[in-house]
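A.B. asks: This is the structure, below, for whatever I ask next.
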Amino acid sequence: MANGGIIGTVNNPTSTTATGVWQQEEQYEAKVTGTWPQRALFTTKSARFNTASTDYLQRNMSNTGNLQAWTVSTWVKRSTLSGQHMLFASYADSNNSTECFFEGNGSLNFRDNESGSFVFQKKTTQLFQDTSAWYHLVMSSSAGAQKIYVNGVEVTSFAVNNNGSGTSTWNGPYSHSIGANVNGGSDKLGGYLSEFISVDGQTLTPSSFGVANSDGVWTPIPYTGTYGTNGFNLQFENAAALGTDSSSNGLNFTANNLTSIDQTTDYPENNFATINPLDNFYANATFSEGNTQIVTGSGREASSSSTIYLTKGKWYWETKFLSSSAPFVGIQPIPSFGNSASAAVLQLHGLGLLKTGKVETTNGSGGSTVLASYATFTTNDIIGVALDLDANKIYFYKNGSILGASGVSVTAPASTRDGHYMVAVGAIAGQDTISVNFGNPSFAISSGNADGNGYGNFEYAVPSGYYSLNTKNLGEFG
């Protein structure tokens, strides 16, 4: 019903023609923006930045643009919260720089340093600590006034709120970095960026880049304006060169340690599940690769859970064990919050496939019940999981082959939110490195398989009728 019940060819306009049927959401947004509905003009990609890998983009500008009037727009999904994380920066020298970064407490700091003093600084009281959400950020500067917008709304509450009328280094003939400070030196970003746009010579509002849809959710629209001398538009569509500028200026950035595996389809209009670093009190895991990879806490019998809850529908994901002391993969009904062993997933009526091949669930007081016994697995094996919450069954696959055709029944006591489940990965002993593929793998895929809606990139074929964990599929089947 993508066309609202109207039968016909979905419209796919070019610059000069438009035929077929518009989707209802496209018609609504066209009414709001006063423009023809557009398709596939906003990127459907993002770049995944991993702090430990020193991932960043960098370019030395050769020309001088407007040093007072400019706008930066980008979408960001955070994954690492501790420490400072740079969105963008430009540096002439140690005493002259412009930068925008997340503070260690989660606030956003937008500032310009001239001759060793801050000409302007805007530090929000709002904290950006949601690792499951995409934020749209717009930072604009003009003589005497700097502004920050979040999801279409201007920020008015600041811990530090100093405007300035000096000349920034942004748009100057200096080093410009995205995802780290000057030349990747420190404050490296952990998370995802989608569509990074810089407009030289104009102070724009969020309406140039987004619109509230019919549900009131702030969503992206294509930017159709000009860019000025040093403006650029990074869409992350070229996996082989993630710093490619799609504007007419052709100001390509050098991608440092960002490769094709760092291009993802997790983007603002289709938000994929990741592993939740906020559910880590007892597990004490270390997170990386945009929260798709964990190192379990040594000696912790605990799990880490997904950012998406599931209550119905059929879902598929894959897990690759990069080490295999005693890992498991499965589901759990509630987060692993707590401060003792009683908070571990195997004490929460979790259900998981262990390295031994046993599928176990627990009674909540330390005891476990073996539900099935399959083949063992080891390092570099890929375990596929197909969860059918319509029939309350779960199926496990080892390197593409099903383990037990009849699957395992899924049940949980009412006291643990029966019928509400999250993906769970962890270890019952030792320390393991586990990579979870919800459709955007951080490990190399040799074949490439999508679900029935065309979403996700999996090593093995997705079982018929099962879907990857993202908001578009959740809206349709969940």
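By order in the structure tokens, chains are A, B, ...; within a chain, residues start at 1; ligands start at 1, following the order shown.
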With DSSP run on the backbone, what are the strand (DSSP E) residues within region 141-345 of chain A? I'd like them as a PyMOL selection string.
C.D. replies: chain A and resi 141-142+145-150+153-154+158-162+175-178+191-200+210-212+218-220+232-234+254-256+263-264+286-288+293-295+302-305+314-321+327-332
A.B. asks: For Thr226 (chain A), find every residue with an atom within 12 Å (counting only C-alpha atoms), except residues of its own chain fewer than 3 positions away, and show them as a ChimeraX atom specification.
C.D. replies: /A:70-71,197-204,208,223,229-233,247-249
A.B. asks: Nearest to Ala180 (chain A) among A:Cys100, A:Ala285, A:Thr43, A:Thr376, with distances taken over only C-alpha atoms: which residue is it?
C.D. replies: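 Counting only C-alpha atoms, the residue closest to Ala180 (chain A) is A:Cys100.
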A.B. asks: Of the residues A:Leu193, A:Ala212, A:Ala283, A:Ile334, which is the one nearest to Gln263 (chain A), using only C-alpha atoms?
C.D. replies: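 Going through A:Leu193, A:Ala212, A:Ala283, A:Ile334 one by one, the smallest distance to Gln263 (chain A) is for A:Leu193.
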A.B. asks: For Val410 (chain A), find every residue with an atom within 8 Å (counting only C-alpha atoms), except residues of its own chain fewer than 2 positions away, and show them as a short mmCIF file (atom, residue, chain, number, x, y, z; two decimals) with N, CA and C atoms, in the first residue's frame.
C.D. replies:
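See selection_39.cif below for the written result:
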data_model
loop_
_atom_site.label_atom_id
_atom_site.label_comp_id
_atom_site.auth_asym_id
_atom_site.auth_seq_id
_atom_site.Cartn_x
_atom_site.Cartn_y
_atom_site.Cartn_z
N LEU A 351 16.72 -16.33 26.46
CA LEU A 351 16.82 -17.57 25.69
C LEU A 351 17.98 -17.40 24.73
N ASN A 392 5.61 -17.41 17.97
CA ASN A 392 6.45 -17.59 19.16
C ASN A 392 7.44 -18.73 19.00
N LYS A 393 8.25 -18.61 17.92
CA LYS A 393 9.29 -19.59 17.64
C LYS A 393 10.58 -18.86 17.28
N ILE A 394 11.71 -19.49 17.60
CA ILE A 394 13.00 -18.93 17.22
C ILE A 394 13.82 -20.03 16.56
N VAL A 408 12.63 -23.52 18.24
CA VAL A 408 12.43 -23.57 19.69
C VAL A 408 11.29 -22.64 20.05
N ALA A 412 7.94 -16.62 28.06
CA ALA A 412 8.54 -15.93 29.20
C ALA A 412 7.45 -15.62 30.20
#
A.B. asks: Using only C-alpha atoms, determine which residues lie at most 9 Å from Pro268 (chain A), disregarding the query and same-chain residues fewer than 4 positions distant; provide the list as a PDB file with N, CA and C atoms, in the first residue's frame.
C.D. replies:
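The file below, result-v1.pdb, is the result:
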ATOM      1  N   THR A  44      20.475   7.851   0.887  1.00  0.00           N
ATOM      2  CA  THR A  44      19.982   6.725   1.675  1.00  0.00           C
ATOM      3  C   THR A  44      21.156   6.019   2.342  1.00  0.00           C
ATOM      4  N   SER A  46      24.864   6.443   5.000  1.00  0.00           N
ATOM      5  CA  SER A  46      25.574   7.173   6.046  1.00  0.00           C
ATOM      6  C   SER A  46      26.988   6.628   6.126  1.00  0.00           C
ATOM      7  N   TRP A  75      23.103  15.241   9.748  1.00  0.00           N
ATOM      8  CA  TRP A  75      22.365  14.301  10.596  1.00  0.00           C
ATOM      9  C   TRP A  75      23.385  13.412  11.293  1.00  0.00           C
ATOM     10  N   VAL A  76      23.199  13.191  12.596  1.00  0.00           N
ATOM     11  CA  VAL A  76      24.156  12.402  13.366  1.00  0.00           C
ATOM     12  C   VAL A  76      23.416  11.432  14.272  1.00  0.00           C
ATOM     13  N   LYS A  77      23.928  10.222  14.341  1.00  0.00           N
ATOM     14  CA  LYS A  77      23.459   9.206  15.283  1.00  0.00           C
ATOM     15  C   LYS A  77      24.663   8.808  16.120  1.00  0.00           C
ATOM     16  N   ALA A 133      18.802   7.269  18.258  1.00  0.00           N
ATOM     17  CA  ALA A 133      18.084   8.268  17.472  1.00  0.00           C
ATOM     18  C   ALA A 133      19.010   9.028  16.528  1.00  0.00           C
ATOM     19  N   TRP A 134      18.434   9.487  15.418  1.00  0.00           N
ATOM     20  CA  TRP A 134      19.115  10.421  14.529  1.00  0.00           C
ATOM     21  C   TRP A 134      18.737  11.848  14.925  1.00  0.00           C
ATOM     22  N   TYR A 135      19.745  12.714  15.073  1.00  0.00           N
ATOM     23  CA  TYR A 135      19.537  14.140  15.329  1.00  0.00           C
ATOM     24  C   TYR A 135      19.874  14.916  14.065  1.00  0.00           C
ATOM     25  N   HIS A 136      19.026  15.886  13.708  1.00  0.00           N
ATOM     26  CA  HIS A 136      19.394  16.831  12.656  1.00  0.00           C
ATOM     27  C   HIS A 136      19.913  18.101  13.317  1.00  0.00           C
ATOM     28  N   SER A 194      25.055  11.355   8.294  1.00  0.00           N
ATOM     29  CA  SER A 194      24.355  11.266   7.022  1.00  0.00           C
ATOM     30  C   SER A 194      24.156  12.677   6.480  1.00  0.00           C
ATOM     31  N   THR A 219      12.011  15.258   9.181  1.00  0.00           N
ATOM     32  CA  THR A 219      12.603  14.363   8.186  1.00  0.00           C
ATOM     33  C   THR A 219      13.383  15.173   7.152  1.00  0.00           C
ATOM     34  N   PRO A 220      14.339  14.559   6.485  1.00  0.00           N
ATOM     35  CA  PRO A 220      15.173  15.280   5.517  1.00  0.00           C
ATOM     36  C   PRO A 220      14.452  15.551   4.202  1.00  0.00           C
TER      37      PRO A 220
END
A.B. asks: For Gly190 (chain A), which residue among A:Ser79, A:Thr379, A:Ser324, A:Asn457 is the nearest when counting only C-alpha atoms?
C.D. replies: A:Ser79
A.B. asks: Of the residues A:Asn437, A:Val425, A:Thr167, A:Tyr374, which is the one nearest to Gly404 (chain A), using only C-alpha atoms?
C.D. replies: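 Of A:Asn437, A:Val425, A:Thr167, A:Tyr374, the one nearest Gly404 (chain A), counting only C-alpha atoms, is A:Tyr374.
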A.B. asks: Nearest residue to Asn271 (chain A) out of A:Tyr455, A:Phe321, A:Phe49, A:Trp170, using only C-alpha atoms?
C.D. replies: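 Of all the options, A:Tyr455 lies closest to Asn271 (chain A).
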A.B. asks: Can you tell me which residues surround Gly152 (chain A) at a distance of at most 12 Å, considering only C-alpha atoms, apart from same-chain residues fewer than 2 positions away, and format the answer as a PyMOL selection string?
C.D. replies: chain A and resi 73-75+135-139+147-150+154-155+204-213+216-220
A.B. asks: Write out as a list in words all residues of region 101-210 of chain A that backbone DSSP assigns to helix (DSSP H, G or I).
C.D. replies: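 Across region 101-210 of chain A, those assigned helix (DSSP H, G or I) are Val182, Asn183, Gly184, Pro206, Ser207 and Ser208 of chain A.
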A.B. asks: Could you check the closest approach to Thr51 (chain A) for each of A:Ala239, A:Leu258, A:Ala143, A:Ile383 and tell me which residue wins, using only C-alpha atoms?
C.D. replies: A:Leu258
A.B. asks: Please provide the set of residues having any atom within 12 Å of Phe272 (chain A), restricted to only C-alpha atoms, with same-chain residues fewer than 5 positions apart removed, written as a VMD selection string.
C.D. replies: chain A and resid 45 to 46 77 131 to 134 192 264 to 267 290 to 292 306 to 309 317 436 to 441 455 to 457 467 to 474
A.B. asks: Restricting the output to C-alpha atoms, write the selected residues as a PDB file, in the first residue's frame.
C.D. replies:
ATOM      1  CA  LYS A  45      23.464   6.182   3.080  1.00  0.00           C
ATOM      2  CA  SER A  46      25.574   7.173   6.046  1.00  0.00           C
ATOM      3  CA  LYS A  77      23.459   9.206  15.283  1.00  0.00           C
ATOM      4  CA  THR A 131      22.269   6.359  20.918  1.00  0.00           C
ATOM      5  CA  SER A 132      19.174   5.016  19.148  1.00  0.00           C
ATOM      6  CA  ALA A 133      18.084   8.268  17.472  1.00  0.00           C
ATOM      7  CA  TRP A 134      19.115  10.421  14.529  1.00  0.00           C
ATOM      8  CA  TYR A 192      27.072   7.838  12.107  1.00  0.00           C
ATOM      9  CA  THR A 264      25.795   1.948   5.841  1.00  0.00           C
ATOM     10  CA  THR A 265      22.099   2.183   4.998  1.00  0.00           C
ATOM     11  CA  ASP A 266      21.323   3.308   8.551  1.00  0.00           C
ATOM     12  CA  TYR A 267      20.089   6.821   7.795  1.00  0.00           C
ATOM     13  CA  GLY A 290      28.777   2.168  15.650  1.00  0.00           C
ATOM     14  CA  ASN A 291      27.581  -0.156  18.443  1.00  0.00           C
ATOM     15  CA  THR A 292      27.514  -3.205  16.202  1.00  0.00           C
ATOM     16  CA  SER A 306      19.343  -4.148  21.080  1.00  0.00           C
ATOM     17  CA  THR A 307      17.952  -0.622  20.776  1.00  0.00           C
ATOM     18  CA  ILE A 308      14.728  -1.945  19.197  1.00  0.00           C
ATOM     19  CA  TYR A 309      12.063  -3.868  21.124  1.00  0.00           C
ATOM     20  CA  TRP A 317      19.858 -10.871  12.155  1.00  0.00           C
ATOM     21  CA  VAL A 436      26.114  -8.212  15.316  1.00  0.00           C
ATOM     22  CA  ASN A 437      24.749  -7.564  11.835  1.00  0.00           C
ATOM     23  CA  PHE A 438      21.280  -6.022  11.880  1.00  0.00           C
ATOM     24  CA  GLY A 439      21.694  -5.239   8.177  1.00  0.00           C
ATOM     25  CA  ASN A 440      24.732  -2.941   8.281  1.00  0.00           C
ATOM     26  CA  PRO A 441      27.685  -5.241   8.958  1.00  0.00           C
ATOM     27  CA  TYR A 455      16.852  -3.705   3.281  1.00  0.00           C
ATOM     28  CA  GLY A 456      20.023  -4.998   4.886  1.00  0.00           C
ATOM     29  CA  ASN A 457      23.232  -6.667   3.779  1.00  0.00           C
ATOM     30  CA  TYR A 467      12.906  -8.833   7.887  1.00  0.00           C
ATOM     31  CA  SER A 468      15.839  -6.821   9.190  1.00  0.00           C
ATOM     32  CA  LEU A 469      15.442  -4.709  12.329  1.00  0.00           C
ATOM     33  CA  ASN A 470      14.837  -1.133  11.182  1.00  0.00           C
ATOM     34  CA  THR A 471      12.123   1.468  11.571  1.00  0.00           C
ATOM     35  CA  LYS A 472      10.639   1.050   8.088  1.00  0.00           C
ATOM     36  CA  ASN A 473      10.149  -2.677   8.603  1.00  0.00           C
ATOM     37  CA  LEU A 474       9.006  -2.083  12.187  1.00  0.00           C
TER      38      LEU A 474
END
A.B. asks: Report the distance between CA of Ser90 (chain A) and CA of Asn181 (chain A) in Å, rounded to one decimal place.
C.D. replies: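 According to the coordinates, CA of Ser90 (chain A) and CA of Asn181 (chain A) are separated by 7.7 Å.
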A.B. asks: Could you name the residues that touch Ile178 (chain A) at 10 Å or less, counting only C-alpha atoms, but leaving out those on the same chain fewer than 3 positions away, as JSON, numbers by chain?
C.D. replies: {"A": [55, 56, 57, 58, 59, 86, 87, 88, 89, 90, 99, 100, 181, 182, 183, 184, 188, 189, 193, 196, 243, 253, 255]}
A.B. asks: Please, could you write that set of residues out with N, CA and C atoms as a PDB file, in the first residue's frame?
C.D. replies:
ATOM      1  N   ASP A  55      38.802   7.324  12.451  1.00  0.00           N
ATOM      2  CA  ASP A  55      38.081   7.592  11.202  1.00  0.00           C
ATOM      3  C   ASP A  55      37.741   9.078  11.123  1.00  0.00           C
ATOM      4  N   TYR A  56      38.094   9.717  10.013  1.00  0.00           N
ATOM      5  CA  TYR A  56      37.717  11.110   9.821  1.00  0.00           C
ATOM      6  C   TYR A  56      37.887  11.494   8.355  1.00  0.00           C
ATOM      7  N   LEU A  57      37.345  12.660   7.998  1.00  0.00           N
ATOM      8  CA  LEU A  57      37.454  13.242   6.662  1.00  0.00           C
ATOM      9  C   LEU A  57      38.204  14.559   6.768  1.00  0.00           C
ATOM     10  N   GLN A  58      39.044  14.855   5.787  1.00  0.00           N
ATOM     11  CA  GLN A  58      39.858  16.062   5.884  1.00  0.00           C
ATOM     12  C   GLN A  58      40.121  16.657   4.498  1.00  0.00           C
ATOM     13  N   ARG A  59      40.121  17.988   4.453  1.00  0.00           N
ATOM     14  CA  ARG A  59      40.480  18.706   3.223  1.00  0.00           C
ATOM     15  C   ARG A  59      41.131  20.024   3.570  1.00  0.00           C
ATOM     16  N   MET A  86      34.239  15.238  18.022  1.00  0.00           N
ATOM     17  CA  MET A  86      34.185  16.343  17.084  1.00  0.00           C
ATOM     18  C   MET A  86      33.249  16.057  15.921  1.00  0.00           C
ATOM     19  N   LEU A  87      32.361  17.015  15.637  1.00  0.00           N
ATOM     20  CA  LEU A  87      31.568  16.959  14.411  1.00  0.00           C
ATOM     21  C   LEU A  87      32.359  17.560  13.256  1.00  0.00           C
ATOM     22  N   PHE A  88      32.810  18.806  13.418  1.00  0.00           N
ATOM     23  CA  PHE A  88      33.622  19.428  12.377  1.00  0.00           C
ATOM     24  C   PHE A  88      34.538  20.471  12.999  1.00  0.00           C
ATOM     25  N   ALA A  89      35.606  20.771  12.286  1.00  0.00           N
ATOM     26  CA  ALA A  89      36.581  21.743  12.785  1.00  0.00           C
ATOM     27  C   ALA A  89      37.402  22.282  11.634  1.00  0.00           C
ATOM     28  N   SER A  90      37.878  23.514  11.789  1.00  0.00           N
ATOM     29  CA  SER A  90      38.834  24.109  10.852  1.00  0.00           C
ATOM     30  C   SER A  90      39.900  24.828  11.669  1.00  0.00           C
ATOM     31  N   GLU A  99      35.184  25.179  15.681  1.00  0.00           N
ATOM     32  CA  GLU A  99      34.870  23.775  15.912  1.00  0.00           C
ATOM     33  C   GLU A  99      33.486  23.598  16.516  1.00  0.00           C
ATOM     34  N   CYS A 100      32.952  22.402  16.296  1.00  0.00           N
ATOM     35  CA  CYS A 100      31.661  22.019  16.871  1.00  0.00           C
ATOM     36  C   CYS A 100      31.800  20.572  17.333  1.00  0.00           C
ATOM     37  N   ASN A 181      39.336  16.465  15.210  1.00  0.00           N
ATOM     38  CA  ASN A 181      39.887  17.809  15.109  1.00  0.00           C
ATOM     39  C   ASN A 181      40.990  17.830  14.049  1.00  0.00           C
ATOM     40  N   VAL A 182      41.840  18.812  14.070  1.00  0.00           N
ATOM     41  CA  VAL A 182      42.771  19.043  12.972  1.00  0.00           C
ATOM     42  C   VAL A 182      43.547  17.784  12.613  1.00  0.00           C
ATOM     43  N   ASN A 183      43.390  17.363  11.355  1.00  0.00           N
ATOM     44  CA  ASN A 183      44.103  16.208  10.803  1.00  0.00           C
ATOM     45  C   ASN A 183      43.964  14.946  11.650  1.00  0.00           C
ATOM     46  N   GLY A 184      42.805  14.795  12.293  1.00  0.00           N
ATOM     47  CA  GLY A 184      42.524  13.570  13.034  1.00  0.00           C
ATOM     48  C   GLY A 184      43.265  13.435  14.337  1.00  0.00           C
ATOM     49  N   LYS A 188      37.943  12.159  18.427  1.00  0.00           N
ATOM     50  CA  LYS A 188      37.381  11.455  17.267  1.00  0.00           C
ATOM     51  C   LYS A 188      35.930  11.056  17.516  1.00  0.00           C
ATOM     52  N   LEU A 189      35.118  11.180  16.490  1.00  0.00           N
ATOM     53  CA  LEU A 189      33.684  10.914  16.563  1.00  0.00           C
ATOM     54  C   LEU A 189      33.420   9.420  16.598  1.00  0.00           C
ATOM     55  N   LEU A 193      27.200   9.625  10.477  1.00  0.00           N
ATOM     56  CA  LEU A 193      26.827  10.899   9.869  1.00  0.00           C
ATOM     57  C   LEU A 193      26.127  10.621   8.547  1.00  0.00           C
ATOM     58  N   PHE A 196      26.265  15.578   5.077  1.00  0.00           N
ATOM     59  CA  PHE A 196      26.956  16.709   5.686  1.00  0.00           C
ATOM     60  C   PHE A 196      27.065  17.812   4.638  1.00  0.00           C
ATOM     61  N   GLY A 243      34.380  10.620   0.976  1.00  0.00           N
ATOM     62  CA  GLY A 243      34.511  12.072   1.053  1.00  0.00           C
ATOM     63  C   GLY A 243      34.129  12.788  -0.224  1.00  0.00           C
ATOM     64  N   PHE A 253      36.735  15.431   0.025  1.00  0.00           N
ATOM     65  CA  PHE A 253      37.517  15.249   1.237  1.00  0.00           C
ATOM     66  C   PHE A 253      38.247  13.911   1.179  1.00  0.00           C
ATOM     67  N   ALA A 255      39.243  10.545   2.785  1.00  0.00           N
ATOM     68  CA  ALA A 255      38.724   9.644   3.813  1.00  0.00           C
ATOM     69  C   ALA A 255      39.887   8.923   4.485  1.00  0.00           C
TER      70      ALA A 255
END
